[in-house]
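Q: Below you will find the structure I want to go over with you.
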Number of protein chains: 2
Amino acid sequence: MSSRTGPLDHFHAVILAGGRGTRFWPQSRARRPKQFLNVLGPESLLQQTLARLGPIAPPERTWILTNQRLRKLVLDQLPGIPRRQVIAEPLQRNTAAAIALAARLLEQQDPDAVMGVFPSDHVIAKPATFQRVLRRGAKAALQGNLVTLGIKPRWPETGYGYIEFPADTPARSATPRPVVRFREKPRPAAARRYLKAGNYYWNSGMFLWQARTILRLIERFLPATADALSKLPPLGSRQFSASLRRHYPACDNISIDYGVLERTSDMVALPCPDFGWNDVGSWEAVYQLLPKDKRGNVLRSRTQVLSAGGNYVDSDKLVALVGVQDLIVVDTPDALLIARRQDSQQVADLVKALEAGGLTDLL
Amino acid sequence: MSSRTGPLDHFHAVILAGGRGTRFWPQSRARRPKQFLNVLGPESLLQQTLARLGPIAPPERTWILTNQRLRKLVLDQLPGIPRRQVIAEPLQRNTAAAIALAARLLEQQDPDAVMGVFPSDHVIAKPATFQRVLRRGAKAALQGNLVTLGIKPRWPETGYGYIEFPADTPARSATPRPVVRFREKPRPAAARRYLKAGNYYWNSGMFLWQARTILRLIERFLPATADALSKLPPLGSRQFSASLRRHYPACDNISIDYGVLERTSDMVALPCPDFGWNDVGSWEAVYQLLPKDKRGNVLRSRTQVLSAGGNYVDSDKLVALVGVQDLIVVDTPDALLIARRQDSQQVADLVKALEAGGLTDLL
């Protein structure tokens, strides 16, 4: 172990990798959700997440929260992470339970643990800037703060939540500030107002805090969760998995935002410079993030194009486009999606409809 | 053989089955063109053609003109036709050469032969009406006429050629009339004028005449073709195929319309009642001919549809449509076509582009 001390000595990265990502159907399936897909390069979003956290948290301080169905895929994609640090939830709960579980395990290992909580399915185009931000955030967390990362908005996005800072927040401040309020995904007019006002930042869903700080708040706001997890034996013990299966279902099924963060006045947020963050919330986002040909097509297959532009095409076979504009075309061995780009959020509804129709082989 | 005599006793059906039908790519391929596809029912267009000619011409008087690559497919699809009557052109010539060849072979068999020439890739929804028309046409042909079938137009189609009759042609006359002129595919305004005028009929591309009548005209207008074919030994002889390979290339590469019919003033046409004829010239035509769901979709695969209408979808896999309108989607194991319905004629250009690009495995 290194003998130097610094804000990252007790820093643990906790990556949430249990989500479904249905908006990426038909590539994302229950057995292979969005975070495991290579939609933006040769590595999966999960592998990219690990790679950019590597300089901040070594493997022995990196934890993956996932579920039983996906654990093997996580181990396959992240062979460098110790197996016991890939924790499978025995059933689907929301983020509060997963974060509480991680906090508890970390606190047992290291009472001074600072944890950073990261989604596994976002992209960050400028990892060096991101890593600088994390060092500042970890320092603030070490001082007992509950820190969320706010991202300076680049356009009036209506697909993200926003963090409202006090009106006097300087444009590029990088010190934590109190959060006035979390704002839900806004309508277009509000999003434009937020952008213009300057004190509204995108809510990245990335958090930093000490394990003990968040555990104290979970005890206060989600006592059932705290109580259920208090019954678990230490991680290494032989009874751990069985005990988790027994007690985890008693945890509250609620997000950390609703369950804790919006109920405390102690939140601060770090107004971050643009580090190229994108939550990749739909095929439209993938289209926007990738280079295009001169007609605005993103073509990830052999193609023959006649007067067609603005399309996203991914297939193993030759795809011929004639006259079509602004489509998402995603072809897989057993299902083919053709959607208007502007409707790509509705792919989630489509998956619900497949589910309702009992087409479980395609989910 | 029957002892009764009638206009059909010497009638032979000649089916032209050598075309490529590139507008039906990616289902139509060089090895399996349009006429062999089941785009409109359980039987191929070729099989449907034979079935509706059956009551008019028995197998021993039915001839199929095709090419060497397709001959086996014809024999497979039409097992009832004597093998020697399935003639393979040794190389691609246009319709004049194929018709001249058929006429020569028929005349050798039966000097009084009347031949009906039929495309193999059209549909006729009312075969009984069609068969009545053929009996009348055969009678006119037996009297030495060159008869083409004109179809009473039902809408101002711009994709068909037209036959102009004398202005006084009664609306539903069924006796042959002289042809004033053949008209090329018209612009929309002209098509509307033709429809209103009443003496313009769709040119079906179906002809009836005595073999000797057309041969006389071929000698006059296409002497190279007549000369080349005069060198062939009788069909049954051992040298026939080799001789055809040697002499057929010398035939003129021209359509019967340009090569003969538009150069003689002897043409008559039979103004036919609507027998549900359609030349099925594009995916759009297939879309129009098939039943639709309440959103106007023709869905020939498992599908999940969200706010999508007016689409034609054919695939072996589940196809999910979100928001898209008026598309042609044709999925095959190695190629996927997505075209605007209104652009479906351009699929032929697409195939040319694939050809130019050297993607011969997909043609």
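Each chain of the structure tokens is named A, B, ... in the order shown, its residues numbered from 1; ligands are numbered from 1 in display order.
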Please provide as a ChimeraX atom specification all residues within 10 Å of Ser241 (chain A), with the sequence filter that same-chain residues fewer than 4 positions apart are discarded (counting only C-alpha atoms).

A: /A:87-90,232-233,235-237,245-246

Q: For the strand (DSSP E) assignment from backbone DSSP, which residues of region 12-249 of chain B qualify? Please present them as a count of residues only.

A: 48

Q: When the cut-off is 9 Å and we count only C-alpha atoms, which residues of chain B are near chain A, given as a PyMOL selection string?

A: chain B and resi 304-306+308+315-324+327+333-340+342-344+346-347+349-350+353-354+362

Q: Rank nothing, just name the residue among A:Lys72, A:Ala97, A:Pro153, A:Glu219 nearest to Arg193 (chain A), using only C-alpha atoms.

A: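 Of the candidates, the smallest distance to Arg193 (chain A) is held by A:Pro153.
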
Q: I'd like to know which of B:Arg32, B:Arg20, B:Arg104, B:Arg61 is closest to Arg216 (chain B), using only C-alpha atoms.

A: B:Arg104

Q: Find the residues near Pro178 (chain B): any atom within 12 Å, counting only C-alpha atoms, skip ones fewer than 5 places away on the same chain, and give them as a ChimeraX atom specification.

A: /B:145-150,163-169,199,264-271

Q: Could you jot down the CA of Tyr200 (chain A) to CA of Lys152 (chain A) separation for me, Å, one decimal place?

A: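 One can read the CA of Tyr200 (chain A) to CA of Lys152 (chain A) distance as 7.7 Å.
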
Q: Name all residues at most 10 Å from Arg135 (chain A) (count only C-alpha atoms; drop same-chain ones fewer than 4 positions away) and give them as a ChimeraX atom specification.

A: /A:6-8,11,56,130-131,139-141

Q: Would you mind listing what lies within 9 Å of region 45-51 of chain B as a short mmCIF file (atom, residue, chain, number, x, y, z; two decimals) with C-alpha atoms, in the first residue's frame, with only C-alpha atoms counted and same-chain residues fewer than 5 positions away left out?

A:
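Below is the file that was written, part_3.cif:
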```cif
data_model
loop_
_atom_site.label_atom_id
_atom_site.label_comp_id
_atom_site.auth_asym_id
_atom_site.auth_seq_id
_atom_site.Cartn_x
_atom_site.Cartn_y
_atom_site.Cartn_z
CA ALA B 13 -49.51 -20.25 -74.99
CA ILE B 15 -44.93 -17.50 -71.64
CA ALA B 17 -40.07 -16.06 -68.28
CA LYS B 34 -39.78 -11.73 -59.80
CA GLN B 35 -41.81 -14.32 -61.78
CA PHE B 36 -40.58 -17.07 -59.44
CA LEU B 37 -41.57 -15.24 -56.24
CA ASN B 38 -44.71 -15.81 -54.20
CA VAL B 39 -45.28 -12.10 -53.67
CA LEU B 40 -49.04 -12.41 -54.12
CA THR B 62 -47.70 -24.37 -73.59
CA VAL B 74 -38.97 -23.18 -64.44
CA GLN B 77 -42.07 -24.77 -60.63
CA LEU B 78 -43.95 -26.12 -63.66
CA PHE B 118 -47.86 -13.69 -72.12
CA PRO B 119 -45.57 -12.14 -69.56
CA SER B 120 -44.95 -14.46 -66.62
CA ASP B 121 -44.96 -11.82 -63.91
CA HIS B 122 -48.32 -10.10 -64.07
CA VAL B 123 -51.48 -10.77 -62.10
CA ILE B 124 -55.03 -11.14 -63.32
#
```

Q: Would you work out the distance separating CA of Ile151 (chain A) from CA of Arg177 (chain A), expressed in Å to one decimal?

A: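 According to the coordinates, CA of Ile151 (chain A) and CA of Arg177 (chain A) are separated by 13.0 Å.
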
Q: Would you please extract all helix (DSSP H, G or I) residues from region 54-165 of chain B, as assigned by DSSP on the backbone, and give them as a PDB file with N, CA and C atoms, in the first residue's frame?

A:
```pdb
ATOM      1  N   PRO B  59     -50.968 -28.433 -71.479  1.00  0.00           N
ATOM      2  CA  PRO B  59     -49.499 -28.451 -71.347  1.00  0.00           C
ATOM      3  C   PRO B  59     -48.781 -28.713 -72.663  1.00  0.00           C
ATOM      4  N   GLU B  60     -49.334 -29.588 -73.496  1.00  0.00           N
ATOM      5  CA  GLU B  60     -48.606 -29.901 -74.743  1.00  0.00           C
ATOM      6  C   GLU B  60     -48.623 -28.729 -75.723  1.00  0.00           C
ATOM      7  N   ARG B  61     -49.415 -27.695 -75.433  1.00  0.00           N
ATOM      8  CA  ARG B  61     -49.374 -26.491 -76.264  1.00  0.00           C
ATOM      9  C   ARG B  61     -48.986 -25.258 -75.440  1.00  0.00           C
ATOM     10  N   ARG B  71     -33.683 -22.033 -66.326  1.00  0.00           N
ATOM     11  CA  ARG B  71     -34.468 -23.144 -66.864  1.00  0.00           C
ATOM     12  C   ARG B  71     -34.830 -24.179 -65.806  1.00  0.00           C
ATOM     13  N   LYS B  72     -33.864 -24.470 -64.930  1.00  0.00           N
ATOM     14  CA  LYS B  72     -34.128 -25.475 -63.910  1.00  0.00           C
ATOM     15  C   LYS B  72     -35.256 -25.036 -62.972  1.00  0.00           C
ATOM     16  N   LEU B  73     -35.240 -23.753 -62.624  1.00  0.00           N
ATOM     17  CA  LEU B  73     -36.276 -23.215 -61.739  1.00  0.00           C
ATOM     18  C   LEU B  73     -37.649 -23.313 -62.403  1.00  0.00           C
ATOM     19  N   VAL B  74     -37.705 -23.047 -63.717  1.00  0.00           N
ATOM     20  CA  VAL B  74     -38.972 -23.184 -64.445  1.00  0.00           C
ATOM     21  C   VAL B  74     -39.449 -24.631 -64.388  1.00  0.00           C
ATOM     22  N   LEU B  75     -38.541 -25.560 -64.664  1.00  0.00           N
ATOM     23  CA  LEU B  75     -38.924 -26.978 -64.646  1.00  0.00           C
ATOM     24  C   LEU B  75     -39.403 -27.390 -63.257  1.00  0.00           C
ATOM     25  N   ASP B  76     -38.741 -26.863 -62.215  1.00  0.00           N
ATOM     26  CA  ASP B  76     -39.153 -27.188 -60.843  1.00  0.00           C
ATOM     27  C   ASP B  76     -40.549 -26.643 -60.542  1.00  0.00           C
ATOM     28  N   GLN B  77     -40.788 -25.393 -60.979  1.00  0.00           N
ATOM     29  CA  GLN B  77     -42.071 -24.770 -60.629  1.00  0.00           C
ATOM     30  C   GLN B  77     -43.216 -25.251 -61.516  1.00  0.00           C
ATOM     31  N   ARG B  83     -40.524 -31.022 -70.928  1.00  0.00           N
ATOM     32  CA  ARG B  83     -39.212 -30.382 -70.796  1.00  0.00           C
ATOM     33  C   ARG B  83     -38.755 -29.696 -72.081  1.00  0.00           C
ATOM     34  N   ARG B  84     -39.042 -30.327 -73.229  1.00  0.00           N
ATOM     35  CA  ARG B  84     -38.548 -29.734 -74.480  1.00  0.00           C
ATOM     36  C   ARG B  84     -39.257 -28.431 -74.818  1.00  0.00           C
ATOM     37  N   GLN B  85     -40.390 -28.158 -74.165  1.00  0.00           N
ATOM     38  CA  GLN B  85     -41.105 -26.906 -74.419  1.00  0.00           C
ATOM     39  C   GLN B  85     -40.652 -25.766 -73.502  1.00  0.00           C
ATOM     40  N   THR B  95     -37.472  -9.030 -76.401  1.00  0.00           N
ATOM     41  CA  THR B  95     -38.654  -9.864 -76.682  1.00  0.00           C
ATOM     42  C   THR B  95     -38.799 -10.256 -78.148  1.00  0.00           C
ATOM     43  N   ALA B  96     -38.301  -9.439 -79.077  1.00  0.00           N
ATOM     44  CA  ALA B  96     -38.480  -9.778 -80.496  1.00  0.00           C
ATOM     45  C   ALA B  96     -37.843 -11.125 -80.813  1.00  0.00           C
ATOM     46  N   ALA B  97     -36.624 -11.336 -80.344  1.00  0.00           N
ATOM     47  CA  ALA B  97     -35.915 -12.584 -80.637  1.00  0.00           C
ATOM     48  C   ALA B  97     -36.617 -13.773 -79.991  1.00  0.00           C
ATOM     49  N   ALA B  98     -37.045 -13.606 -78.738  1.00  0.00           N
ATOM     50  CA  ALA B  98     -37.701 -14.713 -78.039  1.00  0.00           C
ATOM     51  C   ALA B  98     -39.002 -15.085 -78.739  1.00  0.00           C
ATOM     52  N   ILE B  99     -39.759 -14.068 -79.148  1.00  0.00           N
ATOM     53  CA  ILE B  99     -41.039 -14.334 -79.810  1.00  0.00           C
ATOM     54  C   ILE B  99     -40.808 -14.945 -81.196  1.00  0.00           C
ATOM     55  N   ALA B 100     -39.790 -14.457 -81.885  1.00  0.00           N
ATOM     56  CA  ALA B 100     -39.480 -15.018 -83.204  1.00  0.00           C
ATOM     57  C   ALA B 100     -39.080 -16.483 -83.083  1.00  0.00           C
ATOM     58  N   LEU B 101     -38.279 -16.790 -82.088  1.00  0.00           N
ATOM     59  CA  LEU B 101     -37.862 -18.172 -81.861  1.00  0.00           C
ATOM     60  C   LEU B 101     -39.073 -19.059 -81.585  1.00  0.00           C
ATOM     61  N   ALA B 102     -39.936 -18.579 -80.676  1.00  0.00           N
ATOM     62  CA  ALA B 102     -41.130 -19.369 -80.357  1.00  0.00           C
ATOM     63  C   ALA B 102     -41.986 -19.567 -81.606  1.00  0.00           C
ATOM     64  N   ALA B 103     -42.174 -18.495 -82.375  1.00  0.00           N
ATOM     65  CA  ALA B 103     -43.024 -18.581 -83.569  1.00  0.00           C
ATOM     66  C   ALA B 103     -42.475 -19.616 -84.547  1.00  0.00           C
ATOM     67  N   ARG B 104     -41.157 -19.622 -84.701  1.00  0.00           N
ATOM     68  CA  ARG B 104     -40.524 -20.561 -85.624  1.00  0.00           C
ATOM     69  C   ARG B 104     -40.720 -22.010 -85.180  1.00  0.00           C
ATOM     70  N   LEU B 105     -40.535 -22.249 -83.889  1.00  0.00           N
ATOM     71  CA  LEU B 105     -40.702 -23.608 -83.374  1.00  0.00           C
ATOM     72  C   LEU B 105     -42.153 -24.059 -83.502  1.00  0.00           C
ATOM     73  N   LEU B 106     -43.080 -23.140 -83.221  1.00  0.00           N
ATOM     74  CA  LEU B 106     -44.500 -23.490 -83.316  1.00  0.00           C
ATOM     75  C   LEU B 106     -44.887 -23.782 -84.752  1.00  0.00           C
ATOM     76  N   GLU B 107     -44.423 -22.967 -85.665  1.00  0.00           N
ATOM     77  CA  GLU B 107     -44.794 -23.153 -87.065  1.00  0.00           C
ATOM     78  C   GLU B 107     -44.311 -24.502 -87.587  1.00  0.00           C
ATOM     79  N   GLN B 108     -43.119 -24.909 -87.084  1.00  0.00           N
ATOM     80  CA  GLN B 108     -42.613 -26.226 -87.478  1.00  0.00           C
ATOM     81  C   GLN B 108     -43.554 -27.339 -87.012  1.00  0.00           C
ATOM     82  N   GLN B 109     -44.113 -27.176 -85.797  1.00  0.00           N
ATOM     83  CA  GLN B 109     -44.994 -28.192 -85.217  1.00  0.00           C
ATOM     84  C   GLN B 109     -46.365 -28.169 -85.865  1.00  0.00           C
ATOM     85  N   PRO B 127     -59.697 -14.434 -63.696  1.00  0.00           N
ATOM     86  CA  PRO B 127     -59.242 -15.311 -64.778  1.00  0.00           C
ATOM     87  C   PRO B 127     -60.360 -15.736 -65.723  1.00  0.00           C
ATOM     88  N   ALA B 128     -61.595 -15.870 -65.241  1.00  0.00           N
ATOM     89  CA  ALA B 128     -62.669 -16.324 -66.142  1.00  0.00           C
ATOM     90  C   ALA B 128     -62.929 -15.273 -67.219  1.00  0.00           C
ATOM     91  N   THR B 129     -62.968 -14.008 -66.818  1.00  0.00           N
ATOM     92  CA  THR B 129     -63.143 -12.927 -67.795  1.00  0.00           C
ATOM     93  C   THR B 129     -61.978 -12.926 -68.780  1.00  0.00           C
ATOM     94  N   PHE B 130     -60.780 -13.096 -68.247  1.00  0.00           N
ATOM     95  CA  PHE B 130     -59.577 -13.135 -69.065  1.00  0.00           C
ATOM     96  C   PHE B 130     -59.671 -14.261 -70.107  1.00  0.00           C
ATOM     97  N   GLN B 131     -60.119 -15.421 -69.660  1.00  0.00           N
ATOM     98  CA  GLN B 131     -60.213 -16.562 -70.579  1.00  0.00           C
ATOM     99  C   GLN B 131     -61.245 -16.305 -71.681  1.00  0.00           C
ATOM    100  N   ARG B 132     -62.345 -15.647 -71.346  1.00  0.00           N
ATOM    101  CA  ARG B 132     -63.336 -15.274 -72.372  1.00  0.00           C
ATOM    102  C   ARG B 132     -62.701 -14.354 -73.409  1.00  0.00           C
ATOM    103  N   VAL B 133     -61.926 -13.377 -72.922  1.00  0.00           N
ATOM    104  CA  VAL B 133     -61.249 -12.443 -73.813  1.00  0.00           C
ATOM    105  C   VAL B 133     -60.291 -13.186 -74.748  1.00  0.00           C
ATOM    106  N   LEU B 134     -59.567 -14.155 -74.193  1.00  0.00           N
ATOM    107  CA  LEU B 134     -58.592 -14.887 -75.015  1.00  0.00           C
ATOM    108  C   LEU B 134     -59.276 -15.647 -76.144  1.00  0.00           C
ATOM    109  N   ARG B 135     -60.449 -16.206 -75.854  1.00  0.00           N
ATOM    110  CA  ARG B 135     -61.168 -16.938 -76.917  1.00  0.00           C
ATOM    111  C   ARG B 135     -61.499 -15.990 -78.063  1.00  0.00           C
ATOM    112  N   ARG B 136     -61.949 -14.788 -77.720  1.00  0.00           N
ATOM    113  CA  ARG B 136     -62.255 -13.811 -78.779  1.00  0.00           C
ATOM    114  C   ARG B 136     -60.984 -13.398 -79.515  1.00  0.00           C
ATOM    115  N   GLY B 137     -59.924 -13.184 -78.742  1.00  0.00           N
ATOM    116  CA  GLY B 137     -58.662 -12.754 -79.360  1.00  0.00           C
ATOM    117  C   GLY B 137     -58.101 -13.826 -80.291  1.00  0.00           C
ATOM    118  N   ALA B 138     -58.235 -15.080 -79.873  1.00  0.00           N
ATOM    119  CA  ALA B 138     -57.702 -16.185 -80.694  1.00  0.00           C
ATOM    120  C   ALA B 138     -58.449 -16.250 -82.030  1.00  0.00           C
ATOM    121  N   LYS B 139     -59.741 -16.009 -81.972  1.00  0.00           N
ATOM    122  CA  LYS B 139     -60.566 -15.994 -83.181  1.00  0.00           C
ATOM    123  C   LYS B 139     -60.067 -14.913 -84.144  1.00  0.00           C
ATOM    124  N   ALA B 140     -59.810 -13.731 -83.605  1.00  0.00           N
ATOM    125  CA  ALA B 140     -59.322 -12.628 -84.434  1.00  0.00           C
ATOM    126  C   ALA B 140     -57.941 -12.949 -84.996  1.00  0.00           C
ATOM    127  N   ALA B 141     -57.116 -13.597 -84.207  1.00  0.00           N
ATOM    128  CA  ALA B 141     -55.767 -13.949 -84.663  1.00  0.00           C
ATOM    129  C   ALA B 141     -55.836 -14.966 -85.801  1.00  0.00           C
ATOM    130  N   LEU B 142     -56.796 -15.895 -85.666  1.00  0.00           N
ATOM    131  CA  LEU B 142     -56.982 -16.928 -86.682  1.00  0.00           C
ATOM    132  C   LEU B 142     -57.363 -16.320 -88.029  1.00  0.00           C
TER     133      LEU B 142
END
```

Q: Need to verify the contact set: Ala125 (chain B), 9 Å, only C-alpha atoms, exclusion of same-chain residues closer than 5 positions in sequence. Can you return it as a list in words?

A: Phe130, Phe275, Gly276, Trp277 and Asn278 of chain B
